[in-house]
Amino acid sequence: MDRIAVLVVDDEEQVRTFLAELLGSSGYQVRCASSGSQALEMLSGGSFDVVLMDVMMPELSGLEVLRRYRASGGNAPVIVLSALSGAEDAMRAMKLGASDYLSKPFSHEELEDAMARALGGNRVPARQPAASAPQVNAVAAQADSNERILISHSPSMRRVRALVERIADTDVPVLLLGESGTGKEVIAREIHARSNRRNRPFIKVNCAALPAELLESELFGHERGAFTGATAEKPGKFELADQGTIFLDEIGEMAIRLQAKLLQVLQDEEFFRVGGKKSVRVDSRVVVATNRELEREIELGNFREDLFYRLNVVAIRLPALRERPEDVVPLTDHFLKKYGRQYMSGVAELPPEVLRAFTEYEWPGNVRELENMVRRLCVLKDATLVLDELRSGGRTPASAPSLPTSYGGDGDVDPPAPTLVRTPVATPGGGVAVQVLEMPSRGNVPAAEVPANQVVAAPVRYANPFDVPQPPPPPPSMPEAEMSLKDIGKRAAMLAEREAILAMLQRTAWNKRRAASKLRISYKALLYKIKECGIVDPRASAEF
């Protein structure tokens, strides 16, 4: 049996390598293209069963490649990949003929589901030789068990575990509450693994990853011809989770209109596909999670009160990691073992000063931040880098000026010249001296004393050469009086994102990679947002 041919199109080599190895281990025959023009050449000269296409690429974007491919008569299913959650690119891609859409980062299960839908569910990739299969399966099983493992020594998490064991075998909805990164998905998987549905599918949907139009199709499916680009019927996630568990992450981000349809599914266990005329019945256990205060969202009109009461049968609130410091060390040991196996030459154990810093740090990103920190240690094998970040708290002090990225040590611009701030200071003899505070290029320089008889100008504030006013945000595409409610919402969201991005860029001294990490979006997505919001990098116009 011939293997299924897959073309991976992405300008990032790391992404191409990861997808090639992942799909290759599943039995697919994978070829890669690093640009849109190379992809078009390969598509014109070869036969592929599925195409995985990134949206954001230099020269030719993924959408333009898709348009040209369809215009030339190409009919292979195209799965669009994008790091821009909720972007309009998803809708445009579907209208251009994309068969599916995945938001980065995505899980192995989500990719496999998208591949199965693209292939119509009637073709299975030829597997690797049987001799290597047990090893692959063993590693996969071990990885799955690691994903589900619940590590905790704290009383608060022991209470969570006891509640999970008590309600696992029931079919009631479960509402998981807590800050981002506290492990809500781990708890959802634990509930599924302990239930009588454990041998059925566990389907995860991130409600914040797609715009409302696509999320409806993703959850409930669509019929052929329901909208432009719907060339075949597509089952929704609820159908795929029949007899199993569906996990709706970030439920607080779901649009009001979809909340009404979700309420119908919870009450009647049936729904209509997009464009469908016949109801579909499902039996899925629903687990939802959010980091928002839903009672507050109800007051603001962002969440339906009746849906809240329907979901709030059993609510489990997960404590932040700073509220259970006794879990930091066992979690660290677990992640060291996990990534030690993955990178083969990982760190066996951490120095005592690193563990001490870990236990004293507040972990605003919770368990997810701890996991990423340990993973970084396993890759870099340099504890000093992590210690410096923990001691600085990863934040720019509120009183500190905004400095260029290169001032943080990762650019090619020389640091600005020291700026002097002179402040009158009373002396014991009743005279007046002037304390000169210097902002050095590196390290700390002690203040110097200037004689009282020296003429000194009035005190001045620190002169930040990068503190330039931003241009106004891009104007709306139509007069405000003619804007629909949807247009007003998009405009308000763009302005809010603009302010949040500007604030984070100031906090990180215009270090875009660090800002992207803090905002929990990809670097490429941040560059796109900066351009979309009309934000100007002050370093481009700064004079030294």
# chains A, B, ... in the order shown; residues from 1 in each chain; ligands from 1
>>> residues_around(residues="Arg161 (chain A)", least_positions_apart="3", cutoff="12 Å", atoms="only C-alpha atoms", output="list in words")
Ile149, Leu150, Ile151, Ser152, His153, Ser154, Pro155, Ser156, Met157, Arg158, Val164, Glu165, Arg166, Ile167, Ala168, Val186, Ile187, Ala188, Glu190, Ile191, Arg194, Ile316, Arg317 and Leu318 of chain A
>>> select_by_dssp(residues="region 221-383 of chain A", states="helix (DSSP H, G or I)", output="ChimeraX atom specification")
/A:237-240,251-253,256-268,294-299,305-311,321-323,325-342,352-360,366-380,383
>>> residues_around(residues="region 525-531 of chain A", least_positions_apart="3", cutoff="12 Å", atoms="only C-alpha atoms", output="number ranges by chain")
A: 55-57, 82-87, 89, 103-105, 470, 473-474, 493-502, 504-505, 510-522, 534-537
>>> closest_residue(among="A:Pro58, A:Gly301, A:Pro479, A:Pro325", to="Glu360 (chain A)", atoms="only C-alpha atoms")
A:Pro325
>>> select_by_dssp(residues="region 245-319 of chain A", states="strand (DSSP E)", output="PyMOL selection string")
chain A and resi 245-249+270-272+279-281+285-290+314-317
>>> closest_residue(among="A:Val8, A:Val174, A:Val51, A:Val288", to="Ser35 (chain A)", atoms="only C-alpha atoms")
A:Val8
>>> residues_around(residues="region 200-202 of chain A", least_positions_apart="3", cutoff="7 Å", atoms="only C-alpha atoms", output="JSON, numbers by chain")
{"A": [197, 241, 243, 244, 245, 246]}
>>> write_last_selection(atoms="N, CA, C and O atoms", output="compact mmCIF listing (two decimals), in the first residue's frame")
# COMPACT_ATOMS: atom_id res chain seq x y z
N ARG A 197 -15.78 6.40 30.49
CA ARG A 197 -15.61 6.75 29.08
C ARG A 197 -14.14 6.73 28.68
O ARG A 197 -13.78 7.24 27.61
N ALA A 241 -16.60 13.42 19.63
CA ALA A 241 -16.51 13.08 21.06
C ALA A 241 -17.69 12.25 21.54
O ALA A 241 -17.86 12.07 22.75
N GLN A 243 -19.87 9.51 22.97
CA GLN A 243 -19.56 8.46 23.94
C GLN A 243 -18.28 8.76 24.73
O GLN A 243 -17.89 7.97 25.59
N GLY A 244 -17.63 9.90 24.43
CA GLY A 244 -16.40 10.26 25.12
C GLY A 244 -16.55 11.57 25.87
O GLY A 244 -17.63 11.89 26.39
N THR A 245 -15.47 12.33 25.93
CA THR A 245 -15.44 13.60 26.67
C THR A 245 -14.99 14.71 25.74
O THR A 245 -14.02 14.53 24.99
N ILE A 246 -15.66 15.84 25.80
CA ILE A 246 -15.22 17.02 25.06
C ILE A 246 -14.81 18.08 26.08
O ILE A 246 -15.53 18.36 27.04
>>> atom_distance(atom1="CA of Phe335 (chain A)", atom2="CA of Cys378 (chain A)")
9.4 Å
>>> residues_around(residues="Glu13 (chain A)", least_positions_apart="5", cutoff="12 Å", atoms="only C-alpha atoms", output="list in words")
Val8, Phe18, Leu19, Ala20, Cys32, Ala33, Ser34 and Ser35 of chain A
>>> atom_distance(atom1="CA of Leu240 (chain A)", atom2="CA of Asp268 (chain A)")
17.6 Å
>>> closest_residue(among="A:Asn372, A:Thr332, A:Ser180, A:Ser72", to="Thr290 (chain A)", atoms="only C-alpha atoms")
A:Ser180
>>> residues_around(residues="Met42 (chain A)", least_positions_apart="3", cutoff="12 Å", atoms="only C-alpha atoms", output="PyMOL selection string")
chain A and resi 6-9+31-39+45-48+51+65+69+74
>>> closest_residue(among="A:Val329, A:Leu177, A:Leu370, A:Val386", to="Glu295 (chain A)", atoms="only C-alpha atoms")
A:Leu177
>>> closest_residue(among="A:Thr228, A:Gln264, A:Asn366, A:Ser284", to="Ala320 (chain A)", atoms="only C-alpha atoms")
A:Asn366
